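The structure under discussion appears below in the form of structure tokens.
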Protein chains: 4
Amino acid sequence: MSEFDKPLEECGIIGVFAPNEDVARMAFFGLYALQHRGQEAAGIAVSDGRTMRLHKEVGLVAQVFHPEHLAQLEGHYAIGHTRYSTTGSSNRRNAQPFMVETFHGPLAVAHNGNLVNASELRQQVLQRGVGLSSSSDSEVMTMMLAGAEGDTWEERIQNTMPYWHGAYSLVILTRSQVFAVRDPWGFRPLSVGRLPSGGHAAASETGALRTLGCDEIREVKPGEIVTLSNTVLRFRQGLPPQPNLARCIFEHIYFSRPDSFWDGLRVHQVRQRLGEELAREAPTEADVVVPVPDSSLPAAIGYARASGIPYNEGFTKNRYIARTFIQPTDSLRKQGIALKFNALEENLRGQRVIMIDDSIVRGNTAGPLVKLVRGAGAREVHVRITCPPIAHPCYMGVDMGTYDEMIAHKHTLDEIRDYIGADSLHFLSVEGMMRALGRREGYCNACFSGVYPIEIDRAHVKTGFEKAIAG
Amino acid sequence: MSEFDKPLEECGIIGVFAPNEDVARMAFFGLYALQHRGQEAAGIAVSDGRTMRLHKEVGLVAQVFHPEHLAQLEGHYAIGHTRYSTTGSSNRRNAQPFMVETFHGPLAVAHNGNLVNASELRQQVLQRGVGLSSSSDSEVMTMMLAGAEGDTWEERIQNTMPYWHGAYSLVILTRSQVFAVRDPWGFRPLSVGRLPSGGHAAASETGALRTLGCDEIREVKPGEIVTLSNTVLRFRQGLPPQPNLARCIFEHIYFSRPDSFWDGLRVHQVRQRLGEELAREAPTEADVVVPVPDSSLPAAIGYARASGIPYNEGFTKNRYIARTFIQPTDSLRKQGIALKFNALEENLRGQRVIMIDDSIVRGNTAGPLVKLVRGAGAREVHVRITCPPIAHPCYMGVDMGTYDEMIAHKHTLDEIRDYIGADSLHFLSVEGMMRALGRREGYCNACFSGVYPIEIDRAHVKTGFEKAIAG
Amino acid sequence: MSEFDKPLEECGIIGVFAPNEDVARMAFFGLYALQHRGQEAAGIAVSDGRTMRLHKEVGLVAQVFHPEHLAQLEGHYAIGHTRYSTTGSSNRRNAQPFMVETFHGPLAVAHNGNLVNASELRQQVLQRGVGLSSSSDSEVMTMMLAGAEGDTWEERIQNTMPYWHGAYSLVILTRSQVFAVRDPWGFRPLSVGRLPSGGHAAASETGALRTLGCDEIREVKPGEIVTLSNTVLRFRQGLPPQPNLARCIFEHIYFSRPDSFWDGLRVHQVRQRLGEELAREAPTEADVVVPVPDSSLPAAIGYARASGIPYNEGFTKNRYIARTFIQPTDSLRKQGIALKFNALEENLRGQRVIMIDDSIVRGNTAGPLVKLVRGAGAREVHVRITCPPIAHPCYMGVDMGTYDEMIAHKHTLDEIRDYIGADSLHFLSVEGMMRALGRREGYCNACFSGVYPIEIDRAHVKTGFEKAIAG
Amino acid sequence: MSEFDKPLEECGIIGVFAPNEDVARMAFFGLYALQHRGQEAAGIAVSDGRTMRLHKEVGLVAQVFHPEHLAQLEGHYAIGHTRYSTTGSSNRRNAQPFMVETFHGPLAVAHNGNLVNASELRQQVLQRGVGLSSSSDSEVMTMMLAGAEGDTWEERIQNTMPYWHGAYSLVILTRSQVFAVRDPWGFRPLSVGRLPSGGHAAASETGALRTLGCDEIREVKPGEIVTLSNTVLRFRQGLPPQPNLARCIFEHIYFSRPDSFWDGLRVHQVRQRLGEELAREAPTEADVVVPVPDSSLPAAIGYARASGIPYNEGFTKNRYIARTFIQPTDSLRKQGIALKFNALEENLRGQRVIMIDDSIVRGNTAGPLVKLVRGAGAREVHVRITCPPIAHPCYMGVDMGTYDEMIAHKHTLDEIRDYIGADSLHFLSVEGMMRALGRREGYCNACFSGVYPIEIDRAHVKTGFEKAIAG
């Protein structure tokens, strides 16, 4: 089934120290609430203060963990990871967390993000005679921690952070500690909260913390190392925050759950305001505002509110998303997005429709959706996108595709409008987007602007290196 | 994880005759689009004109079928079935379709519905010396067809229909025919359509037919036997329609996809009008109308439109629904619905909230949701339900629970309102509901009224009979 | 991997009534001891006096049953079945026992043997309107029992037996009884014994009964129905024994475990005497007697004793027999039997070798083995077979291949000797074989003589009928 | 099911370079022939000259590898490993080969043996900042190779060998080479041979090489590094052979297949001579010599030949050895070895029996076997063991149990004889054993003598270290 035209998030992570709870099940339900951040593989590592155990496997969280797996993961310290969905074959070797025994005891690491100097670090680690089992930069980070200087894990983490350039939100498990660590740019989100039964949890999104019943939720600050504990959290500034913070704006636009709270902002609210800004920037006479489900619902509500044009649903989307490897027949392939979306004709027929979507990457979904709307009898179709054109790849952990694949890299607005067959097309401006956030800076807009917050050695990043081992 | 407070649908069915297609994959994608009607088990039977083959298994459609399974299901005639999710252990023996060899060749049957005289028919079949492998009434129906009089399968189906009292939408596969059959009351939906590459398909919902690209979609009439074919469909009135047609109104209220079309009505439209009627019946001063996701969205939009009160989202629901058998910890159990729903505080804080839901059965979900809304800072919570109180069990294929379990059977409106902690509570009246449909009759409202469209031998139905074999 | 040149047994069966034991585990270990009779599939059905439960699956006994399966099979009445290994794809639908609910309660049947009038009976069952789920004659027998006349199960079994022509050793499970039944010809073995902890067991072979610790072991007589019970067994002569009893002689020659006891004879003893007779019939000057492992060991010991020529091992055989579906490479295929057998050179070099094997069917194994012996440096190779040439198919439950496949059907002794490259070849005579048994009659020798103990409608049996359904 | 009273071998290894073959299937059939050396887990790593791929899993060889796994393992260079069966839970993390990417490209290692300085080496590797994923010393060896000095892999292997104290037969896979390496003591066996289709193979036993059709088979010499190649093998003496070679004598007594050839000796011949020596050392008047199947057959034949007392089989053993985790019921547990062995009464009744077995470790099997023989009516039972009493643990890769578990460590010969209930008991003397081999030295007899060929730091070895991570 053809993929949606969306950027792909890398991962979701969770860390739990729960002195009075079955921590593996806590981690499980935390991952379950982060499933949207990655559907390829899932894993949980748990320490009982003496021995660390791990279960990870390819599949959805609910498929990977059966009661007998969790029963074996005894202890009060846990981290978990859910990995994003790539097309093609799945790969157990790259599943996380990575767990190793080190000179200082057991260590497990779960990572959301991507280092821009991964290739260089990999070579350094290999050069000091370490063998690596996967192609993941997260394993390289794990081995760097295993070999770091310092008397405590906190020190070893702090001593290693300067070498890591790029995006990393981490949860780290040792024999009797759980750490939450965030890069000094603050690329990917990470928050901590207090568990109702004692102890603390860390998670990529506050939505997962609330699922576990947490209160006193706060963000892990850029560059910070937080030690989860029974009573009070311990905070240490591992690196000073970068002057130019670079939170990923796509968390607000698409990745995060709408109930998550980040940088002082509720995602649902931001999305509504993105719609409102869009209505201001690109008003159009129309009869109905419809979202492309599910992520564009709040923006469409915002657009409708700001414009006074009625909101309604225009599509049904198949909500069942367990991945299938069954290929459509030729005849079904011709249906294209009809396998995922059906139009609600009565809501569209004879209408001038404003269709709200959150992004266009390759441009292969918007066209068929416009066609679907027209096929349902709409008189006009005006497409409004809640972010600017994506014209540059991301090297910090989001799969945006390559330059060649990005429609906005090669085509003008008018060309894109014609390509997708819309009566009008508008992308929200960078300024409008930032207004919706109520921020002037602190965000990475590189995928729109090409201005990267961190130096990228493109030769390295783009070429990659020969794949020596495969799962 | 505790089940939602919803009626449970029994099944979804699909039938395909596709002379120019890989019919198993057609059936697969049809079932995929019917996944919401049943998540316990799935199966597909295919005939190549000589031999019939079957694959069925416990699990979601995408889990049950791998490419290698579909590759073995060669042929141009197929039926498929997806079975609803019960709590507790899953059961392979009751998975459908049922496939047997008969004196007249191979036969497979997939059934949505429930016979009210199942127990009696079962005894008759056993009495003539047939052994049964499951506790399903669908297997009894299959064995009755296997033993029916008649020169053709059409005749045999027609001759058996008079014995079947109750709800049955069937797809039937023989060596080189596919039939779609519906009971004369028209309890459960069933439609047929023309495939773009030739041939026809039948499905519980038009949404699935459109996923396959069908046009010329029409309902199978109550009592009708439709023979799918390459060119034109053959229609035969197996039994005259009952004077009092009894379509299940819950298809409109909750079960069906919003894009499905039934009885000349688009479900999404009906739901919007249910919301509009509710606004008229039970107006309230308020600041925002919020739906309980996902099924109540259209009704909330309708309520908002009719009342002029702004629509907004008030909850986030975990969209990942692969079933898990992991039990929450005690601390998580106390979170209750927080495992599934989080509040969007900013949309609720300080507001007078109208919360739209589509039904209350046991009443164990509405209360926690009201509490969640209040916890988010709402000033008032007014609950509006898009159907009347459910006070009677269904014997025609929907699991509504027993009298003892139904909160509306034992409690007054005021008691329920107090129990769920709402400021006000209103159930849509039967009249309002029918107005939203634009129908005066033709529907089964037994779960509201206790007036059954067909005689129920309760002693039989309720006691059941000892379970002789188990999977 | 090419199959050995052996007849293939159909099945092993076990029945247990153990009032003080976990009967499922008893049945498991009984089946485990019968694994050599069938490696394709295994199943156990258990009744707790109210409900009957079944688990069956494709695979070896130890693969099919995990502790969680047996834990669910609670009760004190059980039957089990292990099914023989066919080449090609495995088939869950034909796995046994067959379990159904009948008018008289639950019923499960496990069958070793084959009815010669299966096709006719199948048509009769289909004709009375029963649908059949498999191509197995055992399911037909189950359905006939389900529809039989009689007040008790014993009566119903007795009333059905006259219709069954051919080989059947059965264990039958009802709600609170276990029966052991044997056809009046006595084709396949079946014995009963007393369990040390109370209750009784029935099994295809006494070796399995001894594994369970049984004493007071005795054969189920031809035509007898034995009811297992807590205290004393109940015996009923269901049909009078046929005057010409027709025990399968291949149980002695190849199928049975050497420790099994049948017709008053220990199999190991019989095999030794087969070797002794062979030494008398076909003496040869030689230096060493070697068996083809494992089944020919006792016969080789017997030959060596009778001839005074030393016994030794000449081959190593890979003992690990979990089936693999991996195909050898071309180069490996050229090794042929070398994948299974290696020669012990030092025991063969320069020797005149007598190689003892128990049968030649297609003749594709003996040749390579002779070549292997010569390649190890043997001066002469004399092949001695412990039974006469197999020249006629078996219709009573053993897969001997077809006339076309049997080398002895088309070729003379000299041609076969030349084909396999032996210096001399001798098949034991029918007379010698019977002398080894100490019997003149009472055995079916049809595969040697073509004289069948029961009329075979070959047209029917050979053509078979179109396969209407497939697993 | 209680384990047999046998030492447990650690592993079997295979290496293949086959330029004209599907090397994964070659490796598969090689492992299949080595299955007796380990039943817990199996794995194969293959390189296509660019990328290395691995599949390993818990289970028997035939269970671990399906056609789809082998299809993905493309290339002409392969190594494989089969791991011994421990009681209790199985562990995927310790399965072999270990595969890593190194600075010099991909590397995979499969190891048979055990280092006596493993704990010290582990600490050194951890200390230089390497994280380890398993508790296996083989992973430590892999990481040492990854960090070794040298311009080629041959040099790096040679430079690392001096650090390894203990038993190691290795196959090593790099991007385009396969190496076979043996420790300078020659503890575990390892041989190479020429493949019929070109290229070479290495294997723990020559029996596996012959299964692949190899000729020109020769042992890898102690301390030697052999590079497999298309044309001629390259030999390099990595370390000089130790003056006191220390081949494991248990390969001859029990571990190896009887068709394997080692140290110029055919195992089957050696075992026959062990029986002959035993007959000379401990003659007894008796009527029959019976082996405990299967490993003692050759020795029993030898004893019979030397003594002139007739050979016969006395037991049947269940040949189906797929492991089961089903626990026997109490009543079955009382049957004890009856679950595995049945007596052949007629061969034992009234006889004076000499029972030949190959070893006694804990002494919990010999007693029940003697009882079984007596129960079958034997007049006398004389037990003869083909090796001396095992009284010292092995630190070089064989699980002999601890001092506490060894019956011969704590009891005299007479006590053991009484404990097992035999009329007489004799263990073959060390001298007799060596005479049977035709060797005076070159073997490790430490389990009999307590004289270890290499210094053992018992404190270290015995205590072990805390287990930091678990699978």
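By order in the structure tokens, chains are A, B, ...; within a chain, residues start at 1; ligands start at 1, following the order shown.
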Give me, as a tab-separated table, each residue of chain C that comes within 9 Å of chain B, together with its shortest interatomic pair and the distance in Å at one decimal, counting only C-alpha atoms, with rows ordered by chain and rising residue number.
residue	atom	partner	partner_atom	distance
C:Ser47	CA	B:Ile469	CA	8.7
C:Arg50	CA	B:Ala468	CA	6.6
C:Thr51	CA	B:Ala468	CA	4.8
C:Met52	CA	B:Ile469	CA	4.6
C:Arg53	CA	B:Ala470	CA	5.1
C:Leu54	CA	B:Gly471	CA	6.3
C:His55	CA	B:Gly471	CA	7.6
C:Phe98	CA	B:Ser133	CA	8.7
C:Met99	CA	B:Ser133	CA	6.5
C:Val100	CA	B:Ser133	CA	4.6
C:Glu101	CA	B:Leu132	CA	4.9
C:Thr102	CA	B:Gly131	CA	4.8
C:Phe103	CA	B:Leu126	CA	4.6
C:His104	CA	B:Leu126	CA	8.3
C:Gly105	CA	B:Ala468	CA	6.2
C:Pro106	CA	B:Ala468	CA	5.5
C:Leu107	CA	B:Gly131	CA	8.3
C:Gln123	CA	B:Phe103	CA	7.0
C:Gln124	CA	B:Phe103	CA	8.7
C:Val125	CA	B:Phe103	CA	8.3
C:Leu126	CA	B:Phe103	CA	4.6
C:Gln127	CA	B:Phe103	CA	5.4
C:Arg128	CA	B:Gly147	CA	6.5
C:Gly129	CA	B:Gly147	CA	3.3
C:Val130	CA	B:Ala146	CA	6.0
C:Gly131	CA	B:Thr102	CA	4.8
C:Leu132	CA	B:Val100	CA	4.9
C:Ser133	CA	B:Val100	CA	4.6
C:Ser134	CA	B:Val100	CA	7.6
C:Ser135	CA	B:Glu101	CA	8.7
C:Thr142	CA	B:Gly131	CA	7.8
C:Met143	CA	B:Gly131	CA	5.8
C:Met144	CA	B:Gly129	CA	7.6
C:Leu145	CA	B:Gly129	CA	8.0
C:Ala146	CA	B:Gly129	CA	5.0
C:Gly147	CA	B:Gly129	CA	3.3
C:Ala148	CA	B:Gly129	CA	6.9
C:Arg175	CA	B:Ala468	CA	8.1
C:Glu466	CA	B:Arg50	CA	8.1
C:Lys467	CA	B:Thr51	CA	6.2
C:Ala468	CA	B:Thr51	CA	4.7
C:Ile469	CA	B:Met52	CA	4.6
C:Ala470	CA	B:Arg53	CA	5.0
C:Gly471	CA	B:Arg53	CA	6.0
- Message: What's around Ser260 in chain C at 6 Å? Count only C-alpha atoms, leave out sequence neighbours fewer than 2 positions away in its own chain, and write the answer as number ranges by chain.
- Response: C: 205-207, 257-258, 266-267
I need the residues from that last selection saved to file as a PDB file, in the first residue's frame (with C-alpha atoms), if you can.
ATOM      1  CA  GLU C 205       1.482 -50.223  20.511  1.00  0.00           C
ATOM      2  CA  THR C 206       2.258 -51.793  23.832  1.00  0.00           C
ATOM      3  CA  GLY C 207       5.507 -49.811  23.866  1.00  0.00           C
ATOM      4  CA  ARG C 257       8.818 -50.286  17.925  1.00  0.00           C
ATOM      5  CA  PRO C 258      10.959 -53.351  18.670  1.00  0.00           C
ATOM      6  CA  ARG C 266       7.660 -59.398  20.744  1.00  0.00           C
ATOM      7  CA  VAL C 267       8.566 -57.455  17.612  1.00  0.00           C
TER       8      VAL C 267
END
- Task: Going by DSSP on the backbone, which bits of range 94-243 of chain C are strand (DSSP E or B)? Write them as a ChimeraX atom specification, please.
- Result: /C:98-102,105-115,132,166-174,177-182,191-194,200-203,215-219,224-228,234-237
- Pick out each residue of range 205-250 of chain A that DSSP on the backbone tags as alpha helix (DSSP H); I need them as a list of chain:residue names. A:Thr206, A:Gly207, A:Ala208, A:Leu209, A:Arg210, A:Thr211, A:Phe250
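Proximity to Met400 in chain B at 7 Å, evaluated using only C-alpha atoms and with sequence-adjacent residues fewer than 3 positions away removed, yields Pro7, Leu8, Pro393 and Cys394 of chain B.
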- Fewer than 5 positions away in the same chain doesn't count, so skip those; otherwise give me all residues within 9 Å of Gln158 in chain B, counting only C-alpha atoms, as a VMD selection string. chain B and resid 150 153 225 236 to 239
- Do you know which residues are at most 9 Å from Val361 in chain C counting only C-alpha atoms, after dropping those on the same chain fewer than 4 positions away, and could you put them as a count of residues only? 12
- Message: Report, in Å to a single decimal, how far apart CA of Tyr403 in chain D and CA of Asp418 in chain D are.
- Response: 20.4 Å
Tell me, as a PDB file with C-alpha atoms, in the first residue's frame, which residues lie within 8 Å of range 179-181 of chain D, counting only C-alpha atoms; anything in the same chain fewer than 5 positions away does not count.
ATOM      1  CA  GLY D  15      32.769 -23.109   7.656  1.00  0.00           C
ATOM      2  CA  TYR D 168      38.951 -23.045  20.984  1.00  0.00           C
ATOM      3  CA  SER D 169      38.113 -24.458  17.646  1.00  0.00           C
ATOM      4  CA  LEU D 170      36.924 -21.509  15.590  1.00  0.00           C
ATOM      5  CA  VAL D 171      35.509 -20.721  12.204  1.00  0.00           C
ATOM      6  CA  ILE D 172      35.857 -17.054  11.323  1.00  0.00           C
ATOM      7  CA  LEU D 173      34.097 -15.229   8.514  1.00  0.00           C
ATOM      8  CA  LEU D 190      38.329 -29.434  13.688  1.00  0.00           C
ATOM      9  CA  ALA D 202      35.748 -26.892   7.719  1.00  0.00           C
ATOM     10  CA  VAL D 220      43.435 -28.601  11.403  1.00  0.00           C
ATOM     11  CA  GLY D 223      47.756 -23.889  16.774  1.00  0.00           C
ATOM     12  CA  GLU D 224      47.056 -23.719  13.050  1.00  0.00           C
ATOM     13  CA  ILE D 225      45.166 -21.060  11.063  1.00  0.00           C
ATOM     14  CA  VAL D 226      43.727 -22.436   7.821  1.00  0.00           C
ATOM     15  CA  THR D 227      42.389 -20.117   5.134  1.00  0.00           C
ATOM     16  CA  LEU D 228      39.715 -21.785   2.998  1.00  0.00           C
TER      17      LEU D 228
END
- How far is it from CA of Asn117 in chain B to CA of Ala246 in chain B, in Å with one decimal?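 About the pair CA of Asn117 in chain B and CA of Ala246 in chain B: they are 16.9 Å apart.
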Can you list, as a PDB file with N, CA and C atoms, in the first residue's frame, every protein, DNA or RNA residue that comes within 8 Å of Thr82 in chain B when you count only C-alpha atoms, leaving out same-chain residues fewer than 2 positions away?
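Now in out-v6.pdb:
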ATOM      1  N   CYS B  11     -20.138  -8.857  12.918  1.00  0.00           N
ATOM      2  CA  CYS B  11     -19.275  -9.245  11.809  1.00  0.00           C
ATOM      3  C   CYS B  11     -19.377  -8.312  10.604  1.00  0.00           C
ATOM      4  N   GLY B  12     -18.390  -8.473   9.733  1.00  0.00           N
ATOM      5  CA  GLY B  12     -18.432  -7.888   8.403  1.00  0.00           C
ATOM      6  C   GLY B  12     -18.218  -8.981   7.380  1.00  0.00           C
ATOM      7  N   ILE B  13     -18.920  -8.872   6.222  1.00  0.00           N
ATOM      8  CA  ILE B  13     -18.765  -9.918   5.201  1.00  0.00           C
ATOM      9  C   ILE B  13     -18.499  -9.304   3.843  1.00  0.00           C
ATOM     10  N   LEU B  31     -12.140  -6.805   3.202  1.00  0.00           N
ATOM     11  CA  LEU B  31     -12.207  -7.077   4.647  1.00  0.00           C
ATOM     12  C   LEU B  31     -11.488  -5.994   5.453  1.00  0.00           C
ATOM     13  N   LEU B  34     -13.556  -3.384   6.289  1.00  0.00           N
ATOM     14  CA  LEU B  34     -14.636  -3.764   7.211  1.00  0.00           C
ATOM     15  C   LEU B  34     -14.084  -4.156   8.583  1.00  0.00           C
ATOM     16  N   GLN B  35     -12.822  -3.878   8.805  1.00  0.00           N
ATOM     17  CA  GLN B  35     -12.162  -4.298  10.038  1.00  0.00           C
ATOM     18  C   GLN B  35     -12.887  -3.786  11.285  1.00  0.00           C
ATOM     19  N   ARG B  37     -15.850  -3.763  11.940  1.00  0.00           N
ATOM     20  CA  ARG B  37     -17.006  -4.591  12.298  1.00  0.00           C
ATOM     21  C   ARG B  37     -16.604  -5.845  13.070  1.00  0.00           C
ATOM     22  N   GLY B  38     -15.318  -6.090  13.214  1.00  0.00           N
ATOM     23  CA  GLY B  38     -14.899  -7.289  13.943  1.00  0.00           C
ATOM     24  C   GLY B  38     -13.405  -7.432  13.946  1.00  0.00           C
ATOM     25  N   GLN B  39     -12.839  -7.554  15.144  1.00  0.00           N
ATOM     26  CA  GLN B  39     -11.380  -7.628  15.244  1.00  0.00           C
ATOM     27  C   GLN B  39     -10.879  -8.942  15.822  1.00  0.00           C
ATOM     28  N   GLU B  40     -11.771  -9.908  16.001  1.00  0.00           N
ATOM     29  CA  GLU B  40     -11.297 -11.138  16.626  1.00  0.00           C
ATOM     30  C   GLU B  40     -10.638 -12.098  15.651  1.00  0.00           C
ATOM     31  N   ALA B  41     -11.256 -12.303  14.502  1.00  0.00           N
ATOM     32  CA  ALA B  41     -10.769 -13.324  13.572  1.00  0.00           C
ATOM     33  C   ALA B  41     -11.147 -12.904  12.167  1.00  0.00           C
ATOM     34  N   ALA B  42     -10.476 -13.462  11.190  1.00  0.00           N
ATOM     35  CA  ALA B  42     -10.771 -13.153   9.796  1.00  0.00           C
ATOM     36  C   ALA B  42     -10.539 -14.389   8.958  1.00  0.00           C
ATOM     37  N   GLY B  43     -11.261 -14.481   7.837  1.00  0.00           N
ATOM     38  CA  GLY B  43     -11.088 -15.625   6.947  1.00  0.00           C
ATOM     39  C   GLY B  43     -11.526 -15.308   5.536  1.00  0.00           C
ATOM     40  N   VAL B  61      -7.260  -8.536  10.304  1.00  0.00           N
ATOM     41  CA  VAL B  61      -7.135  -8.926   8.902  1.00  0.00           C
ATOM     42  C   VAL B  61      -5.670  -8.887   8.451  1.00  0.00           C
ATOM     43  N   GLY B  80     -15.420 -13.542   2.231  1.00  0.00           N
ATOM     44  CA  GLY B  80     -14.575 -13.275   3.389  1.00  0.00           C
ATOM     45  C   GLY B  80     -15.414 -12.837   4.578  1.00  0.00           C
ATOM     46  N   TYR B  84     -16.211 -10.229  15.279  1.00  0.00           N
ATOM     47  CA  TYR B  84     -16.089  -9.196  16.296  1.00  0.00           C
ATOM     48  C   TYR B  84     -15.236  -9.649  17.468  1.00  0.00           C
ATOM     49  N   GLN B  96     -14.966 -17.649  10.807  1.00  0.00           N
ATOM     50  CA  GLN B  96     -15.695 -17.905   9.570  1.00  0.00           C
ATOM     51  C   GLN B  96     -14.816 -17.504   8.380  1.00  0.00           C
TER      52      GLN B  96
END
